[in-house]
Amino acid sequence: MLYTEKLVAELERKRALFTSYDETYGQQRDAWRNALAAIGTRHPDAATLRQAIDASLANAERPHAAGALPTSEYDRWRQAGRVGPPVLSFGHSFAHHEESRAWAEGVRGITTFAVDGSQLLPWRDASVPVALVQSAIFENPHQPPAPYLKDVRTELLPPEDLLVSEPEMMNARTNEAAGYSERIVHLRRFELEVSTLVSRLEYHAARRQEGHGAPVVALFDGSLIVSFALKMPPPYPDRYAAAAQRLLDVSRRTRIPLLGYIDTSYARDMITMLRTLTGGELPPSHGIHDALLWGDALEWGDRTPAFLSAREDLAAMGYRGGADAVAFVYLRAASDRPPARVEFPAWLLEDGEVQLDRVMDVLRAEIITGQGYPYSIEAADAVAVISTEDRARFYALFQQFAEREGLDFTFSRKALSKSRRRV
């Protein structure tokens, strides 16, 4: 139970510390925002900016990656004659939600699909380690009366998949190793999500070859750059990178646009690029990430020019193409939040700005339908989610299976009851 009176008193006691932090943080953030706003004046085109980045890297005492690199869209922004941070205007404004919904009808006839996943981790209160991963797909052809598609792929992870020589989990009561890995569950979920996406990309590519295909845009809930895996021991980094690379390769081969949508991004590719360009001029960037750099410069629907991600992680994880593998933009999807980060295979830029603009409009229509979040991803998440009640049903079904097969399996009903009450 939270004691409100004590918390309020403690907040009052620490008020000066929070005020001081906010002032310092605001000054540092504004310095970085000013550096981004000045980039167009200092570097009038993409070639000049790229040369400055290369020169800064060559003169650095310790070689490092650029963080981000400009694309032809940088020149598109410069040619528009706008000052301040790089912004490509959406060009539409809506008086009310009905008007925006009418605009979103322009997605009619374009198929969108999204994939999301969930998992049941091994439970220390069960006598047998067992886990479940599933990947859900939601597909909308936007062509009534054609029906939408909802489906789930489920995979059970038995003990032999979970037991490891160096387990990450400890039993809280005995302080002994629980004997199983949670990392493998998250990896298998990611691989299943990728497999589901790849299968659907291949399906639509075959339909198109048969002359039946409509335009398609695929959405993925998360980043296409699996940097988090670098902190894991082998073989996790290689397996995550292989799955992500497979997704990029299939998107390129099928020429079906793929968008990785990150609603709340802490990426710092642009921060790294600005630090590279300015050397030691800028203050510390603790707590500052790319999405905060644009401040109020992006109206709803506006986006940034596309940049190529050139972080060190891409080379470290063996992404083919390195800095030419993944591009990104920041898109204002909600007026009261920092912009979302949208990643996509860099091949989309090869087809010129018209292709990327069309895909971004499809994403905007999805966001309008979902009232601030892409509807297809939201729907896929609803299909994929596993609730606490689902966990109880899972273990009840598994117990019935164990009894039929003569397996020695028990689980703590007290622990299950506590977890249900605390949701």
# chains A, B, ... in the order shown; residues from 1 in each chain; ligands from 1
$ select_by_dssp --residues "stretch 263-401 of chain A" --states "helix (DSSP H, G or I)" --output "PyMOL selection string"
chain A and resi 269-278+290-292+312-316+322-324+346-369+375-384+388-401
$ residues_around --residues "A:Asp75" --least-positions-apart "5" --cutoff "12 Å" --atoms "only C-alpha atoms" --output "list of chain:residue names"
A:Gly40, A:His43, A:Pro44, A:Asp45, A:Ala46, A:Ala47, A:Thr48, A:Leu49, A:Arg50, A:Pro70, A:Ala80, A:Gly81, A:Arg82, A:Pro86, A:Val87, A:Leu88, A:Pro305, A:Ala306, A:Phe307, A:Glu353
$ closest_residue --among "A:Asp22, A:Glu139, A:Asp249, A:Glu73" --to "A:Thr112" --atoms "only C-alpha atoms"
A:Glu139
$ residues_around --residues "A:Pro338" --least-positions-apart "4" --cutoff "9 Å" --atoms "only C-alpha atoms" --output "PyMOL selection string"
chain A and resi 263-265+291-292+294-296+331-334
$ residues_around --residues "stretch 143-160 of chain A" --least-positions-apart "6" --cutoff "6 Å" --atoms "only C-alpha atoms" --output "MDAnalysis selection string"
chainID A and resid 108:109 129:137
$ write_last_selection --atoms "C-alpha atoms" --output "PDB file, in the first residue's frame"
ATOM      1  CA  ARG A 108      -8.611   1.653 -49.450  1.00  0.00           C
ATOM      2  CA  GLY A 109      -7.316  -1.176 -51.603  1.00  0.00           C
ATOM      3  CA  PRO A 129      10.106 -25.933 -16.785  1.00  0.00           C
ATOM      4  CA  VAL A 130       7.861 -25.207 -19.743  1.00  0.00           C
ATOM      5  CA  ALA A 131       7.276 -22.031 -21.746  1.00  0.00           C
ATOM      6  CA  LEU A 132       5.043 -20.828 -24.549  1.00  0.00           C
ATOM      7  CA  VAL A 133       5.614 -18.298 -27.308  1.00  0.00           C
ATOM      8  CA  GLN A 134       3.123 -17.142 -29.863  1.00  0.00           C
ATOM      9  CA  SER A 135       3.062 -14.786 -32.807  1.00  0.00           C
ATOM     10  CA  ALA A 136      -0.130 -13.115 -33.969  1.00  0.00           C
ATOM     11  CA  ILE A 137      -0.949 -11.534 -37.301  1.00  0.00           C
TER      12      ILE A 137
END
$ residues_around --residues "A:Met270" --least-positions-apart "4" --cutoff "9 Å" --atoms "only C-alpha atoms" --output "PyMOL selection string"
chain A and resi 36+66-69+274-275+289-290+293+307+309
$ select_by_dssp --residues "stretch 37-263 of chain A" --states "strand (DSSP E)" --output "PyMOL selection string"
chain A and resi 67-70+111-120+131-140+149-157+216-221+258-262
$ closest_residue --among "A:Val83, A:Val107, A:Leu192, A:Leu397" --to "A:Arg358" --atoms "only C-alpha atoms"
A:Val107
$ atom_distance --atom1 "atom CA of A:Pro284" --atom2 "atom CA of A:Phe228"
22.6 Å
$ residues_around --residues "A:Ile256" --least-positions-apart "2" --cutoff "7 Å" --atoms "only C-alpha atoms" --output "ChimeraX atom specification"
/A:216-217,251,254,258
$ residues_around --residues "A:His97" --least-positions-apart "3" --cutoff "10 Å" --atoms "only C-alpha atoms" --output "list in words"
Phe94, Ser100, Arg101, Ala102, Trp103, Ile368, Thr369 and Gln371 of chain A
$ closest_residue --among "A:Gln28, A:Ala380, A:Ser89, A:Leu259" --to "A:Glu281" --atoms "only C-alpha atoms"
A:Gln28
$ closest_residue --among "A:Ser56, A:Glu5, A:Ile184, A:Phe90" --to "A:Thr272" --atoms "only C-alpha atoms"
A:Ser56
$ closest_residue --among "A:Gly372, A:Gly279, A:Ser223, A:Phe18" --to "A:Ala55" --atoms "only C-alpha atoms"
A:Gly279
